[in-house]
Structures are given as C-alpha cells and as structure tokens.
>>> print(open('my_file.cif').read())   # mmCIF, C-alpha atoms
data_start
#
loop_
_atom_site.label_atom_id
_atom_site.label_comp_id
_atom_site.auth_asym_id
_atom_site.auth_seq_id
_atom_site.Cartn_x
_atom_site.Cartn_y
_atom_site.Cartn_z
CA MET A 128 163.76 149.87 36.54
CA ALA A 129 163.38 153.20 38.25
CA SER A 130 163.36 151.79 41.69
CA ILE A 131 166.49 151.25 43.61
CA GLU A 132 167.04 147.64 44.42
CA GLU A 133 168.61 146.98 47.69
CA GLY A 134 170.84 144.12 48.62
CA GLY A 135 172.06 143.59 45.11
CA GLY A 136 174.49 140.88 44.26
CA GLU A 137 173.28 137.36 44.50
CA SER A 138 169.64 136.86 45.11
CA HIS A 139 168.82 134.05 47.36
CA LYS A 140 165.54 132.84 48.50
CA LYS A 141 164.63 133.78 51.97
CA GLY A 142 163.57 131.08 54.21
CA PRO A 143 160.14 130.81 55.71
CA GLY A 144 159.43 133.22 58.48
CA VAL A 145 161.67 135.89 57.07
CA LYS A 146 159.51 138.89 56.43
CA LYS A 147 159.72 140.53 53.09
CA ALA A 148 160.63 144.19 53.36
CA LYS A 149 157.84 146.35 52.12
CA LYS A 150 158.70 147.84 48.80
CA LEU A 151 158.34 151.61 48.94
CA SER A 152 157.23 153.46 45.86
CA THR A 153 159.99 155.50 44.30
CA ARG A 154 157.59 157.92 42.66
CA VAL A 155 158.20 161.41 43.99
CA ASP A 156 155.39 163.89 44.08
CA MET A 157 156.55 166.68 41.84
CA THR A 158 153.52 168.91 42.27
CA PRO A 159 155.11 171.45 44.67
CA MET A 160 158.17 171.71 42.47
CA VAL A 161 156.06 172.34 39.39
CA ASP A 162 154.00 174.90 41.29
CA LEU A 163 157.13 176.73 42.27
CA GLY A 164 158.41 176.52 38.72
CA PHE A 165 155.34 178.18 37.33
CA LEU A 166 155.38 180.79 40.03
CA LEU A 167 158.90 181.76 38.97
CA ILE A 168 157.94 181.77 35.29
CA THR A 169 155.10 184.13 36.03
CA PHE A 170 157.41 186.37 38.02
CA PHE A 171 160.02 186.59 35.31
CA ILE A 172 157.46 187.12 32.56
CA PHE A 173 156.00 190.02 34.45
CA THR A 174 159.27 191.64 35.39
CA THR A 175 160.89 191.34 31.99
CA THR A 176 160.30 194.43 29.97
CA MET A 177 160.39 193.52 26.35
CA SER A 178 160.30 197.09 25.13
CA SER A 179 163.89 198.16 25.25
CA PRO A 180 164.57 201.86 24.97
CA THR A 181 165.52 203.25 21.60
CA THR A 182 167.42 206.36 20.74
CA MET A 183 166.65 209.30 18.59
CA ASP A 184 169.31 211.27 16.77
CA LEU A 185 169.65 214.99 17.19
CA PHE A 186 172.14 217.07 15.30
CA MET A 187 172.57 220.62 16.41
CA PRO A 188 174.14 223.25 14.20
CA LYS A 189 177.22 225.04 15.38
CA ASP A 190 176.50 228.53 16.57
CA THR A 191 177.94 230.86 14.03
CA ASP A 192 178.03 234.60 13.77
CA LYS A 193 179.19 234.67 10.20
CA ASP A 194 176.32 235.64 8.02
CA GLU A 195 177.31 233.66 4.95
CA GLU A 196 177.48 230.42 6.92
CA GLN A 197 173.97 230.70 8.19
CA ASN A 198 171.36 228.77 6.36
CA LYS A 199 169.00 231.05 4.62
CA ALA A 200 165.39 230.09 4.71
CA LYS A 201 162.98 231.15 2.04
CA GLU A 202 160.10 232.97 3.53
CA SER A 203 157.53 231.09 1.50
CA GLY A 204 158.69 227.74 2.81
CA ALA A 205 159.07 228.63 6.47
CA LEU A 206 156.79 227.33 9.14
CA THR A 207 157.43 228.41 12.71
CA LEU A 208 156.11 226.33 15.57
CA LEU A 209 156.10 227.80 19.04
CA LEU A 210 155.65 225.37 21.89
CA GLY A 211 153.83 226.90 24.78
CA LYS A 212 152.56 225.90 28.16
CA ASN A 213 150.04 223.04 28.65
CA ASP A 214 150.84 221.32 25.35
CA VAL A 215 149.64 224.20 23.22
CA ILE A 216 151.33 224.96 19.92
CA TYR A 217 151.29 228.37 18.26
CA TYR A 218 152.37 228.63 14.69
CA TYR A 219 152.72 230.98 11.78
CA GLU A 220 153.79 230.65 8.18
CA GLY A 221 156.52 232.78 6.68
CA GLN A 222 157.20 235.98 8.58
CA LEU A 223 155.21 237.02 11.57
CA LYS A 224 152.98 239.88 10.47
CA GLU A 225 153.00 243.19 12.26
CA ASP A 226 149.43 242.82 13.40
CA ALA A 227 150.04 239.14 14.26
CA SER A 228 147.10 238.12 12.10
CA ASN A 229 148.87 234.94 11.00
CA PHE A 230 149.66 233.88 14.57
CA LEU A 231 147.52 230.79 15.09
CA THR A 232 146.90 228.33 17.88
CA SER A 233 146.96 224.58 17.53
CA SER A 234 147.59 221.43 19.53
CA PHE A 235 149.67 218.29 19.22
CA GLY A 236 146.74 216.43 17.75
CA LYS A 237 146.18 218.95 14.98
CA ILE A 238 149.67 220.12 14.19
CA ARG A 239 150.35 217.19 11.88
CA GLN A 240 147.74 218.42 9.43
CA VAL A 241 149.30 221.89 9.51
CA ILE A 242 152.70 220.45 8.62
CA ILE A 243 151.25 218.24 5.88
CA ASP A 244 149.35 221.17 4.38
CA LYS A 245 152.42 223.35 4.46
CA LYS A 246 154.49 220.67 2.82
CA LYS A 247 151.90 220.25 0.10
CA ALA A 248 151.85 223.99 -0.55
CA VAL A 249 155.65 224.09 -0.77
CA ILE A 250 155.72 221.17 -3.18
CA GLU A 251 153.11 222.81 -5.41
CA SER A 252 154.99 226.07 -5.67
CA HIS A 253 158.35 224.46 -6.25
CA VAL A 254 160.48 225.64 -9.17
CA HIS A 255 162.63 223.20 -11.07
CA ASP A 256 166.07 224.75 -11.52
CA GLU A 257 169.75 223.84 -11.52
CA GLY A 258 170.04 223.52 -7.75
CA CYS A 259 167.11 221.18 -7.79
CA LYS A 260 168.73 218.91 -10.36
CA LYS A 261 171.80 218.65 -8.16
CA ILE A 262 169.74 217.49 -5.20
CA GLN A 263 167.99 214.93 -7.38
CA GLU A 264 171.28 213.57 -8.65
CA LYS A 265 172.62 213.29 -5.13
CA ALA A 266 169.58 211.34 -4.00
CA ARG A 267 169.71 209.06 -7.04
CA VAL A 268 173.32 208.06 -6.49
CA GLY A 269 173.31 208.03 -2.69
CA ASP A 270 176.50 208.04 -0.68
CA PRO A 271 177.69 204.53 0.12
CA LYS A 272 180.56 205.83 2.23
CA ALA A 273 178.26 207.69 4.56
CA GLY A 274 175.75 204.84 4.50
CA ILE A 275 173.16 206.73 2.50
CA ARG A 276 171.40 204.43 0.11
CA PRO A 277 170.18 205.56 -3.31
CA ASP A 278 166.71 206.92 -2.98
CA PRO A 279 164.19 205.11 -5.21
CA ASN A 280 162.07 208.25 -5.14
CA TRP A 281 164.90 210.53 -6.15
CA GLN A 282 162.70 212.47 -8.52
CA LYS A 283 160.80 213.79 -5.55
CA ALA A 284 163.93 214.56 -3.55
CA CYS A 285 164.04 218.27 -4.20
CA LEU A 286 160.35 219.07 -4.23
CA ASP A 287 160.25 220.06 -0.59
CA ARG A 288 163.67 221.63 -0.34
CA ASP A 289 162.25 225.04 0.52
CA LEU A 290 160.35 223.68 3.49
CA VAL A 291 161.96 224.74 6.73
CA VAL A 292 160.30 224.17 10.06
CA VAL A 293 161.53 226.37 12.85
CA ILE A 294 160.86 224.97 16.31
CA LYS A 295 160.83 227.42 19.16
CA PRO A 296 160.06 225.91 22.53
CA ASP A 297 158.94 228.31 25.19
CA ASP A 298 160.39 228.16 28.70
CA GLU A 299 157.19 226.51 29.83
CA ALA A 300 157.30 223.78 27.19
CA THR A 301 158.23 220.34 28.45
CA TYR A 302 160.86 217.95 27.21
CA LYS A 303 158.10 215.67 26.01
CA ASN A 304 156.71 218.45 23.83
CA THR A 305 160.11 218.99 22.30
CA ILE A 306 160.61 215.32 21.55
CA ASP A 307 157.08 215.00 20.22
CA ILE A 308 157.59 217.82 17.78
CA LEU A 309 160.96 216.45 16.66
CA ASP A 310 159.19 213.15 16.19
CA GLU A 311 156.57 214.88 14.11
CA MET A 312 159.38 216.01 11.81
CA ALA A 313 160.41 212.38 11.36
CA ILE A 314 156.82 211.25 10.88
CA ASN A 315 156.15 213.81 8.15
CA ASP A 316 159.59 213.44 6.61
CA VAL A 317 160.55 217.09 7.04
CA LYS A 318 164.20 217.22 6.11
CA ARG A 319 165.08 220.69 7.27
CA TYR A 320 164.19 221.86 10.70
CA ALA A 321 165.87 223.92 13.34
CA MET A 322 165.46 224.47 17.04
CA VAL A 323 166.00 228.07 18.04
CA ASP A 324 165.10 230.49 20.79
CA LEU A 325 162.02 232.65 20.84
CA PHE A 326 161.98 236.28 19.80
CA ALA A 327 160.79 238.81 22.34
CA VAL A 328 157.80 239.62 20.12
CA GLU A 329 156.76 236.00 20.08
CA LYS A 330 157.07 235.69 23.83
CA GLU A 331 154.75 238.64 24.24
CA LEU A 332 152.27 237.17 21.82
CA ILE A 333 152.21 233.84 23.61
CA LYS A 334 151.67 235.58 26.90
CA LYS A 335 148.88 237.64 25.44
CA THR A 336 147.17 234.62 23.95
CA GLU A 337 147.48 232.65 27.16
CA GLY A 338 146.10 235.54 29.16
CA GLY A 339 143.15 235.90 26.80
CA ASN A 340 141.98 232.36 27.31
CA MET B 162 123.66 139.52 24.09
CA PRO B 163 126.99 139.42 25.68
CA SER B 164 127.86 142.83 27.02
CA VAL B 165 131.03 144.33 25.66
CA LYS B 166 133.41 145.09 28.40
CA ILE B 167 135.21 148.34 28.01
CA PRO B 168 138.67 148.02 29.50
CA LYS B 169 139.27 150.59 32.17
CA LYS B 170 142.07 152.87 31.10
CA SER B 171 144.30 154.60 33.56
CA THR B 172 143.63 158.29 33.91
CA PHE B 173 147.22 158.99 34.75
CA VAL B 174 148.87 161.34 32.30
CA ASP B 175 152.59 161.61 32.11
CA ARG B 176 153.36 165.24 32.80
CA THR B 177 157.10 164.95 32.56
CA PRO B 178 157.50 166.67 29.14
CA PHE B 179 155.21 169.42 30.30
CA VAL B 180 157.36 170.06 33.34
CA ASP B 181 160.48 169.89 31.20
CA VAL B 182 159.19 172.62 28.93
CA ALA B 183 158.13 174.72 31.88
CA PHE B 184 161.59 174.63 33.35
CA LEU B 185 163.13 175.36 30.00
CA ILE B 186 161.07 178.53 29.77
CA LEU B 187 161.99 179.36 33.33
CA THR B 188 165.67 178.99 32.55
CA PHE B 189 165.28 181.22 29.52
CA PHE B 190 163.69 184.01 31.49
CA ILE B 191 166.22 183.78 34.27
CA MET B 192 169.06 183.97 31.78
CA ALA B 193 167.51 186.67 29.63
CA THR B 194 166.53 188.98 32.44
CA LYS B 195 169.04 191.69 33.01
CA PHE B 196 168.31 193.74 36.04
CA LYS B 197 168.98 197.31 35.14
CA PRO B 198 171.14 199.24 37.54
CA ALA B 199 169.13 201.38 39.88
CA ASP B 200 169.04 204.95 38.67
CA PRO B 201 169.31 207.69 41.23
CA VAL B 202 166.30 209.34 39.65
CA GLU B 203 162.97 208.18 38.38
CA VAL B 204 162.71 209.25 34.77
CA LYS B 205 159.87 208.51 32.40
CA THR B 206 161.16 209.00 28.90
CA PRO B 207 158.96 210.23 26.06
CA ASN B 208 157.99 208.05 23.13
CA SER B 209 159.27 208.39 19.63
CA VAL B 210 159.00 206.53 16.35
CA SER B 211 162.76 206.09 16.17
CA THR B 212 163.74 202.43 15.94
CA LYS B 213 167.43 202.80 16.60
CA ASP B 214 168.60 200.53 19.39
CA ILE B 215 170.98 201.63 22.06
CA THR B 216 174.37 200.24 21.20
CA GLU B 217 176.67 199.07 23.90
CA THR B 218 179.53 201.47 23.36
CA ASP B 219 181.41 203.87 25.55
CA HIS B 220 179.09 206.70 26.30
CA LEU B 221 178.36 209.67 28.45
CA GLN B 222 174.82 210.08 29.59
CA VAL B 223 173.02 213.05 31.00
CA THR B 224 169.76 212.40 32.81
CA PHE B 225 167.43 215.17 33.84
CA ASP B 226 164.25 214.81 35.80
CA LYS B 227 161.08 216.84 36.07
CA ASP B 228 162.52 219.07 38.81
CA GLY B 229 165.39 220.11 36.58
CA ARG B 230 167.99 218.03 38.43
CA VAL B 231 170.78 216.92 36.16
CA PHE B 232 172.78 213.72 36.58
CA PHE B 233 175.94 212.82 34.79
CA HIS B 234 176.90 209.24 33.92
CA ILE B 235 180.25 208.10 32.61
CA LYS B 236 179.89 204.65 31.15
CA PRO B 237 182.99 203.00 29.76
CA GLN B 238 182.15 199.53 28.48
CA LYS B 239 185.45 197.76 29.07
CA ASP B 240 188.10 200.02 30.44
CA ALA B 241 187.00 201.10 33.92
CA SER B 242 190.32 202.85 34.47
CA ILE B 243 189.07 205.73 32.31
CA LYS B 244 186.50 206.54 34.90
CA LEU B 245 189.14 206.36 37.59
CA ASN B 246 191.31 208.77 35.63
CA VAL B 247 188.49 211.27 35.41
CA ILE B 248 188.03 211.40 39.15
CA LYS B 249 191.79 211.40 39.81
CA ASN B 250 192.28 214.42 37.62
CA LEU B 251 189.29 216.09 39.13
CA ASN B 252 190.60 215.44 42.61
CA THR B 253 193.85 217.24 41.92
CA THR B 254 192.47 220.12 39.85
CA ARG B 255 189.60 220.87 42.20
CA ASN B 256 191.26 219.95 45.49
CA LEU B 257 188.42 217.69 46.52
CA GLY B 258 190.51 215.76 49.04
CA LEU B 259 189.12 212.36 48.11
CA THR B 260 190.70 209.21 49.43
CA ASP B 261 191.72 206.33 47.19
CA ALA B 262 188.78 204.30 48.42
CA GLU B 263 186.38 207.09 47.56
CA MET B 264 187.83 207.38 44.09
CA LYS B 265 187.43 203.61 43.62
CA ASN B 266 183.87 204.03 44.78
CA PHE B 267 183.30 206.55 42.00
CA VAL B 268 183.97 203.85 39.42
CA MET B 269 181.06 201.85 40.82
CA THR B 270 178.81 204.87 41.15
CA GLU B 271 176.09 204.94 38.54
CA ALA B 272 175.57 208.67 38.29
CA VAL B 273 176.68 211.89 39.84
CA GLY B 274 174.07 214.46 40.72
CA VAL B 275 175.91 216.71 43.14
CA PRO B 276 178.05 219.80 42.75
CA TYR B 277 181.80 219.33 43.10
CA SER B 278 181.57 220.40 46.72
CA GLY B 279 179.17 217.57 47.50
CA LEU B 280 181.18 214.88 45.77
CA LYS B 281 183.04 213.81 48.88
CA GLN B 282 179.84 213.23 50.78
CA LEU B 283 178.36 211.20 47.94
CA LEU B 284 181.43 209.05 47.44
CA SER B 285 181.88 208.38 51.13
CA LEU B 286 178.64 206.39 50.98
CA PRO B 287 178.71 202.84 49.70
CA VAL B 288 177.14 202.47 46.26
CA GLU B 289 174.03 200.70 47.58
CA ASN B 290 173.26 203.57 49.92
CA GLN B 291 173.78 206.39 47.47
CA GLY B 292 170.17 206.11 46.41
CA ASN B 293 169.10 207.33 49.84
CA LEU B 294 170.95 210.59 49.49
CA ARG B 295 168.83 213.24 47.86
CA GLN B 296 171.11 214.60 45.18
CA PRO B 297 170.48 218.19 44.12
CA GLY B 298 171.76 217.66 40.59
CA VAL B 299 174.86 218.91 38.84
CA PRO B 300 174.72 222.72 38.80
CA ILE B 301 173.82 223.99 35.38
CA ASP B 302 173.11 227.32 33.77
CA SER B 303 172.77 228.69 30.26
CA THR B 304 176.51 228.36 29.67
CA GLY B 305 176.61 224.78 30.88
CA GLY B 306 177.64 225.26 34.51
CA GLU B 307 179.61 222.46 36.11
CA LEU B 308 178.22 220.02 33.59
CA TYR B 309 180.40 221.68 30.98
CA TYR B 310 183.53 220.80 32.99
CA TRP B 311 182.35 217.27 33.63
CA ILE B 312 181.85 216.71 29.91
CA ARG B 313 185.16 218.34 29.05
CA ASP B 314 187.09 216.18 31.53
CA ALA B 315 185.32 213.00 30.53
CA VAL B 316 185.80 213.60 26.82
CA SER B 317 189.52 214.18 27.26
CA ALA B 318 189.80 211.02 29.36
CA PHE B 319 188.11 209.08 26.58
CA SER B 320 190.34 210.49 23.84
CA GLY B 321 190.96 207.84 21.21
CA HIS B 322 187.68 206.06 21.90
CA THR B 323 184.47 206.57 19.97
CA LEU B 324 182.11 208.13 22.38
CA LYS B 325 178.37 208.53 22.21
CA TYR B 326 176.28 211.04 24.04
CA TYR B 327 172.95 209.98 25.42
CA LEU B 328 170.35 212.31 26.78
CA LYS B 329 167.60 210.96 28.94
CA GLY B 330 164.94 213.36 30.00
CA ASP B 331 161.71 213.12 31.88
CA ASN B 332 158.44 213.80 30.08
CA ASN B 333 157.72 216.71 32.35
CA ALA B 334 161.16 218.26 32.38
CA LYS B 335 161.02 221.84 31.26
CA TYR B 336 162.64 222.94 28.05
CA PRO B 337 165.20 225.31 29.65
CA THR B 338 166.83 222.35 31.41
CA PHE B 339 167.13 220.55 28.12
CA LYS B 340 168.50 223.68 26.47
CA ASN B 341 171.10 224.17 29.19
CA VAL B 342 172.23 220.57 28.84
CA LEU B 343 172.54 221.06 25.10
CA ASN B 344 174.53 224.23 25.71
CA ALA B 345 176.95 222.37 27.95
CA PHE B 346 177.59 219.93 25.12
CA LYS B 347 177.69 222.64 22.49
CA ARG B 348 180.40 224.51 24.36
CA ASN B 349 182.44 221.32 24.12
CA ASP B 350 181.81 221.27 20.36
CA ILE B 351 179.62 218.23 20.65
CA LEU B 352 176.66 218.58 18.37
CA LYS B 353 175.50 215.03 17.82
CA PHE B 354 173.28 213.44 20.44
CA ASN B 355 171.16 210.40 20.97
CA MET B 356 168.06 210.90 23.00
CA ILE B 357 166.73 207.89 24.84
CA THR B 358 163.08 207.33 24.11
CA MET B 359 160.57 204.51 24.14
CA LEU B 360 159.41 203.04 20.90
CA GLU B 361 155.95 203.91 19.68
CA ASP B 362 154.14 202.97 16.51
CA VAL B 363 154.27 205.12 13.44
CA PRO B 364 150.83 206.61 12.82
CA ALA B 365 149.22 205.03 9.78
CA GLY B 366 148.89 207.01 6.59
CA THR B 367 151.80 209.32 7.21
CA GLU B 368 154.88 209.79 5.06
CA LEU B 369 157.11 207.90 7.45
CA SER B 370 154.87 204.85 7.43
CA ALA B 371 155.02 204.92 3.63
CA ILE B 372 158.80 205.14 3.72
CA ARG B 373 159.08 202.35 6.27
CA SER B 374 156.86 199.98 4.31
CA ARG B 375 158.80 200.76 1.15
CA ASP B 376 162.06 199.98 2.93
CA LYS B 377 160.59 196.76 4.18
CA ALA B 378 159.47 195.76 0.70
CA SER B 379 162.89 196.39 -0.76
CA GLY B 380 164.41 194.33 2.02
CA SER B 381 166.69 197.01 3.33
CA THR B 382 166.95 198.00 6.92
CA PRO B 383 165.07 201.11 7.92
CA LYS B 384 167.17 204.08 8.73
#
>>> encode(input="my_file.cif", output="structure tokens")
Amino acid sequence: MASIEEGGGESHKKGPGVKKAKKLSTRVDMTPMVDLGFLLITFFIFTTTMSSPTTMDLFMPKDTDKDEEQNKAKESGALTLLLGKNDVIYYYEGQLKEDASNFLTSSFGKIRQVIIDKKKAVIESHVHDEGCKKIQEKARVGDPKAGIRPDPNWQKACLDRDLVVVIKPDDEATYKNTIDILDEMAINDVKRYAMVDLFAVEKELIKKTEGGN
Amino acid sequence: MPSVKIPKKSTFVDRTPFVDVAFLILTFFIMATKFKPADPVEVKTPNSVSTKDITETDHLQVTFDKDGRVFFHIKPQKDASIKLNVIKNLNTTRNLGLTDAEMKNFVMTEAVGVPYSGLKQLLSLPVENQGNLRQPGVPIDSTGGELYYWIRDAVSAFSGHTLKYYLKGDNNAKYPTFKNVLNAFKRNDILKFNMITMLEDVPAGTELSAIRSRDKASGSTPK
C-alpha cells in the first residue's frame, strides 16, 4: 500500500459514534515538478554546444640563411597565392613575369579549381627517376615509429612531389583567409606548401589591381 | 437483442516511467555540461576540416582578437605551482612589486592581456571582475615584443613537461597580428603549433574526402 496508515499496531473496532477519520489521498500532483524538469532539459539542451573545437597543425620552417638548407622549388611546380584585402586571392604559376601577364585574380570559391588544375598539370609532367623511387618506397613502408602508416596508394606518392604552393598573405588579409587557404591545402592534399612574406613587386601589383577595380 | 455493454476503461495513464526518463536525461545534461571559463575576449574562430580534438595537456595559448589585441594563457593541467613560479620569477626580474596575494590571483587568472606595467592593476582585481577591465593586449611587434618574454619564461618554467602551443584567432584578425605571434614563438625556437578551429565538413569530391573515406573503409583512424 502506498498510503501511510496511521495508528498502526492493533486494530480495534471503534465503537458507535466514533467518527472515522477521512482518508486523504496520498497521490501527489507531480505536474509542476515535471514541468520544471522539462524546462531544465530544454535549457541544458540549448546551452550545450556539441561542436567542440578542433585543432589544426601548423609546422613552420626554421628561418635559415644558409642557401643549401633552403628547400628549392622547381619553377614548373610552383604556385604562388597572394591573399589580399576583402577575401580576394591573386595567384601566378611559376615565376612572376616581368610584364605581370601571369598575375591573375581569383576568390576563395574558385581557388580550389586552380589548385586542382595545377596539381593535375604537375602530375602529368612528372618524371620517374631515382628520387621518385625513394619517395615511393618510403610511402610503401611507412614509419611506424613516427606513427605514419603505410600508404596504400604508394605508387602515386611521388607524382606531385614538384608541386609547391607558396602562400603570401598581404597585411590586409585576415586570419580567416589564412586558415582557409591552409585548409585548402589539406582539402586538396597538397603536401608541400610554405607561408612567406610578400615581395615588394607583388605588393605593388596588388595595390595596382585593387586601385583599378 | 441484448446490447453489449462496453466496460468503461479508465483514461488514466501512468506517466511515472516517462518522468523517470525525463529526469535521467536532465541528469545527463547537467553532468555533461561543462561551463567554459569566461574568456577576456570574444573570439570567433575560423572553420577547418581538421578533426583533431584538443587534448587536455599542459599548454600555452595565445588568443588574438579582431583589434589585434593579444592575450596569453598559461594552462598547466595539474601542477598549478608552475604558473605561480612564472609570476614569481617575473616579479623579481621585472620589479613589478606584486604582493603574494596578487601572485596567487595570477594562478586563477584565465589570461593576461596587459603589458608588464599593467600587470599589477590587473592582478589587484579579483578574478570575477577582471572581465570588466579593458585589457589592451600584450605588446607585440615583428620581433615578438613582450609576448616573446612571456613565452620564454613560461617554457622554462614548464621544462620537463610536454607542452603544446595553441593559437586562437578571430576570423577578422589581420594577418600581421598572426605573423607577429608566430614570430614570438619562432624566436623561442617553437615551430609546431595547433590552431584552434571549428569543425566543418570536407567538401565532397575533393582529394581529402577520398582519403577520408578510404581510411574509414580500411578501419584506421583518420590522420
């Protein structure tokens, strides 16, 4: 029984004239409690952010003056991206020409295609030589100590080794732009990229292009 | 024809299990919710496709907002005395004239966004009220500024521990701020960073999405 019986012990019949105490219901109305419960659930559901922040790795090279330590980039595989003001990207392939005829303008929506095209071009013109075989072998075996797993696609490992993307954010570029472009490297699986400062010539060109629009 | 009498059933439904479940969910959310410590600055981080979670290890964090203000966080996970050592050393080398109570307060302080000269004013405030003080940011220039010294002191205090370096920047922060922060780390020979971002989906049809689905198929964890 859920009700609380009073006057336990021996039960004796009450004599006539003795009024029976009115039995009160022991059922408690739980509606307000439940209401409050759901209110709290709603509150916590709304305030809990399920998307926890993630982190992105960035490895910077050590500044070095020694020429032999610097990574040489092949001109044919180089793609330079300049991040300008208002989310505009300028880019050129290889060396910047004297007349700046290969200095092009793009945006964050379109730059992916530029990178993909460049990568395709690099892969097509790739030469299979000794250095390439070494890279393939490395990818096939992996490096368990460093946590690098063997690459199932090791045959393709060296195809894009000449591809180097040089990222040059302008002073007006935002942090978001920088992260977005680094992300683009991850999205397109560009293995070699570098973040460096702008040349004076490039600064001028950006200014000129911005002024022209 | 004798009419069939349909017995009247009670419309009362027992809601007890329903309420039980509701409170179970409530308990879960109360337990699972971790209120993040109030940051001195409002920072909206960019999105990236990186899936790496933030690990709870000893770390230094640099936050910079859209106005170029830089904040420095020292976050030891277990040993709070490290943080105390940093400020003690700083107090003697820079002659800041901090009291013991102010140095203890530093341990509780989430982030520092003032030059050395403003440290006493910041630490004289109780932690809850520090948010009201408009902090100008740690001074920084292309060679790292005071941030360089903060990092140097913190790194030496953490010697023997594995330390991670987190960068948290606002979407609209300008690149020079980011570059200066990187320079401050670079001068300390720190070249490996983790940048705090929000997860976003990998665009379909790209190389990365192909790699990810391949990793998933082979049952290995994505890198």
>>> resolve_selection(input="my_file.cif", expression="the PyMOL selection byres ((chain B) within 9 of (chain A))", output="MDAnalysis selection string")
chainID B and resid 180 183:184 186:188 190:191 193:196 206:215 227 327:328 330:339 343 347 350:360 363:364 367:370 372
>>> atom_distance(input="my_file.cif", atom1="CA of Val249 in chain A", atom2="CA of Ala205 in chain A")
9.2 Å
>>> residues_around(input="my_file.cif", residues="range 237-243 of chain B", least_positions_apart="3", cutoff="7 Å", atoms="all atoms listed in the file", output="mmCIF file with C-alpha atoms, keeping the file's coordinate frame")
data_model
loop_
_atom_site.group_PDB
_atom_site.id
_atom_site.type_symbol
_atom_site.label_atom_id
_atom_site.label_comp_id
_atom_site.auth_asym_id
_atom_site.auth_seq_id
_atom_site.Cartn_x
_atom_site.Cartn_y
_atom_site.Cartn_z
ATOM 1 C CA THR B 218 179.530 201.470 23.360
ATOM 2 C CA ASP B 219 181.410 203.870 25.550
ATOM 3 C CA HIS B 220 179.090 206.700 26.300
ATOM 4 C CA ASN B 246 191.310 208.770 35.630
ATOM 5 C CA VAL B 247 188.490 211.270 35.410
ATOM 6 C CA VAL B 268 183.970 203.850 39.420
ATOM 7 C CA ALA B 318 189.800 211.020 29.360
ATOM 8 C CA PHE B 319 188.110 209.080 26.580
#
>>> atom_distance(input="my_file.cif", atom1="CA of Val275 in chain B", atom2="CA of Val202 in chain B")
12.6 Å
>>> resolve_selection(input="my_file.cif", expression="the PyMOL selection byres ((chain B and resi 299-307) around 10)", output="JSON, numbers by chain")
{"B": [223, 225, 229, 230, 231, 232, 233, 273, 274, 275, 276, 277, 279, 296, 297, 298, 308, 309, 310, 311, 312, 313, 337, 338, 340, 341, 342, 343, 344, 345, 346, 347, 348, 349]}
>>> write_last_selection(input="my_file.cif", atoms="C-alpha atoms", output="short mmCIF file (atom, residue, chain, number, x, y, z; two decimals), keeping the file's coordinate frame")
data_model
loop_
_atom_site.label_atom_id
_atom_site.label_comp_id
_atom_site.auth_asym_id
_atom_site.auth_seq_id
_atom_site.Cartn_x
_atom_site.Cartn_y
_atom_site.Cartn_z
CA VAL B 223 173.02 213.05 31.00
CA PHE B 225 167.43 215.17 33.84
CA GLY B 229 165.39 220.11 36.58
CA ARG B 230 167.99 218.03 38.43
CA VAL B 231 170.78 216.92 36.16
CA PHE B 232 172.78 213.72 36.58
CA PHE B 233 175.94 212.82 34.79
CA VAL B 273 176.68 211.89 39.84
CA GLY B 274 174.07 214.46 40.72
CA VAL B 275 175.91 216.71 43.14
CA PRO B 276 178.05 219.80 42.75
CA TYR B 277 181.80 219.33 43.10
CA GLY B 279 179.17 217.57 47.50
CA GLN B 296 171.11 214.60 45.18
CA PRO B 297 170.48 218.19 44.12
CA GLY B 298 171.76 217.66 40.59
CA LEU B 308 178.22 220.02 33.59
CA TYR B 309 180.40 221.68 30.98
CA TYR B 310 183.53 220.80 32.99
CA TRP B 311 182.35 217.27 33.63
CA ILE B 312 181.85 216.71 29.91
CA ARG B 313 185.16 218.34 29.05
CA PRO B 337 165.20 225.31 29.65
CA THR B 338 166.83 222.35 31.41
CA LYS B 340 168.50 223.68 26.47
CA ASN B 341 171.10 224.17 29.19
CA VAL B 342 172.23 220.57 28.84
CA LEU B 343 172.54 221.06 25.10
CA ASN B 344 174.53 224.23 25.71
CA ALA B 345 176.95 222.37 27.95
CA PHE B 346 177.59 219.93 25.12
CA LYS B 347 177.69 222.64 22.49
CA ARG B 348 180.40 224.51 24.36
CA ASN B 349 182.44 221.32 24.12
#
>>> residues_around(input="my_file.cif", residues="range 261-264 of chain B", least_positions_apart="4", cutoff="10 Å", atoms="all atoms listed in the file", output="mmCIF file with C-alpha atoms, in the frame of the given file")
data_model
loop_
_atom_site.group_PDB
_atom_site.id
_atom_site.type_symbol
_atom_site.label_atom_id
_atom_site.label_comp_id
_atom_site.auth_asym_id
_atom_site.auth_seq_id
_atom_site.Cartn_x
_atom_site.Cartn_y
_atom_site.Cartn_z
ATOM 1 C CA LYS B 244 186.500 206.540 34.900
ATOM 2 C CA LEU B 245 189.140 206.360 37.590
ATOM 3 C CA ASN B 246 191.310 208.770 35.630
ATOM 4 C CA VAL B 247 188.490 211.270 35.410
ATOM 5 C CA ILE B 248 188.030 211.400 39.150
ATOM 6 C CA LYS B 249 191.790 211.400 39.810
ATOM 7 C CA ASN B 252 190.600 215.440 42.610
ATOM 8 C CA VAL B 268 183.970 203.850 39.420
ATOM 9 C CA MET B 269 181.060 201.850 40.820
ATOM 10 C CA THR B 270 178.810 204.870 41.150
ATOM 11 C CA LEU B 280 181.180 214.880 45.770
ATOM 12 C CA LYS B 281 183.040 213.810 48.880
ATOM 13 C CA GLN B 282 179.840 213.230 50.780
ATOM 14 C CA LEU B 283 178.360 211.200 47.940
ATOM 15 C CA LEU B 284 181.430 209.050 47.440
ATOM 16 C CA SER B 285 181.880 208.380 51.130
ATOM 17 C CA LEU B 286 178.640 206.390 50.980
ATOM 18 C CA PRO B 287 178.710 202.840 49.700
#
>>> axis_aligned_box(input="my_file.cif", around="range 216-226 of chain A", padding_each_side="5 Å", output="JSON")
{"center_x": 153.3, "center_y": 234.1, "center_z": 13.3, "size_x": 17.8, "size_y": 28.2, "size_z": 23.2}
>>> residues_around(input="my_file.cif", residues="Lys330 in chain A", least_positions_apart="3", cutoff="10 Å", atoms="all atoms listed in the file", output="count of residues only")
11
>>> atom_distance(input="my_file.cif", atom1="CA of Tyr218 in chain A", atom2="CA of His253 in chain A")
22.2 Å
>>> residues_around(input="my_file.cif", residues="Thr207 in chain A", least_positions_apart="6", cutoff="7 Å", atoms="all atoms listed in the file", output="VMD selection string")
chain A and resid 218 to 220 292 to 294
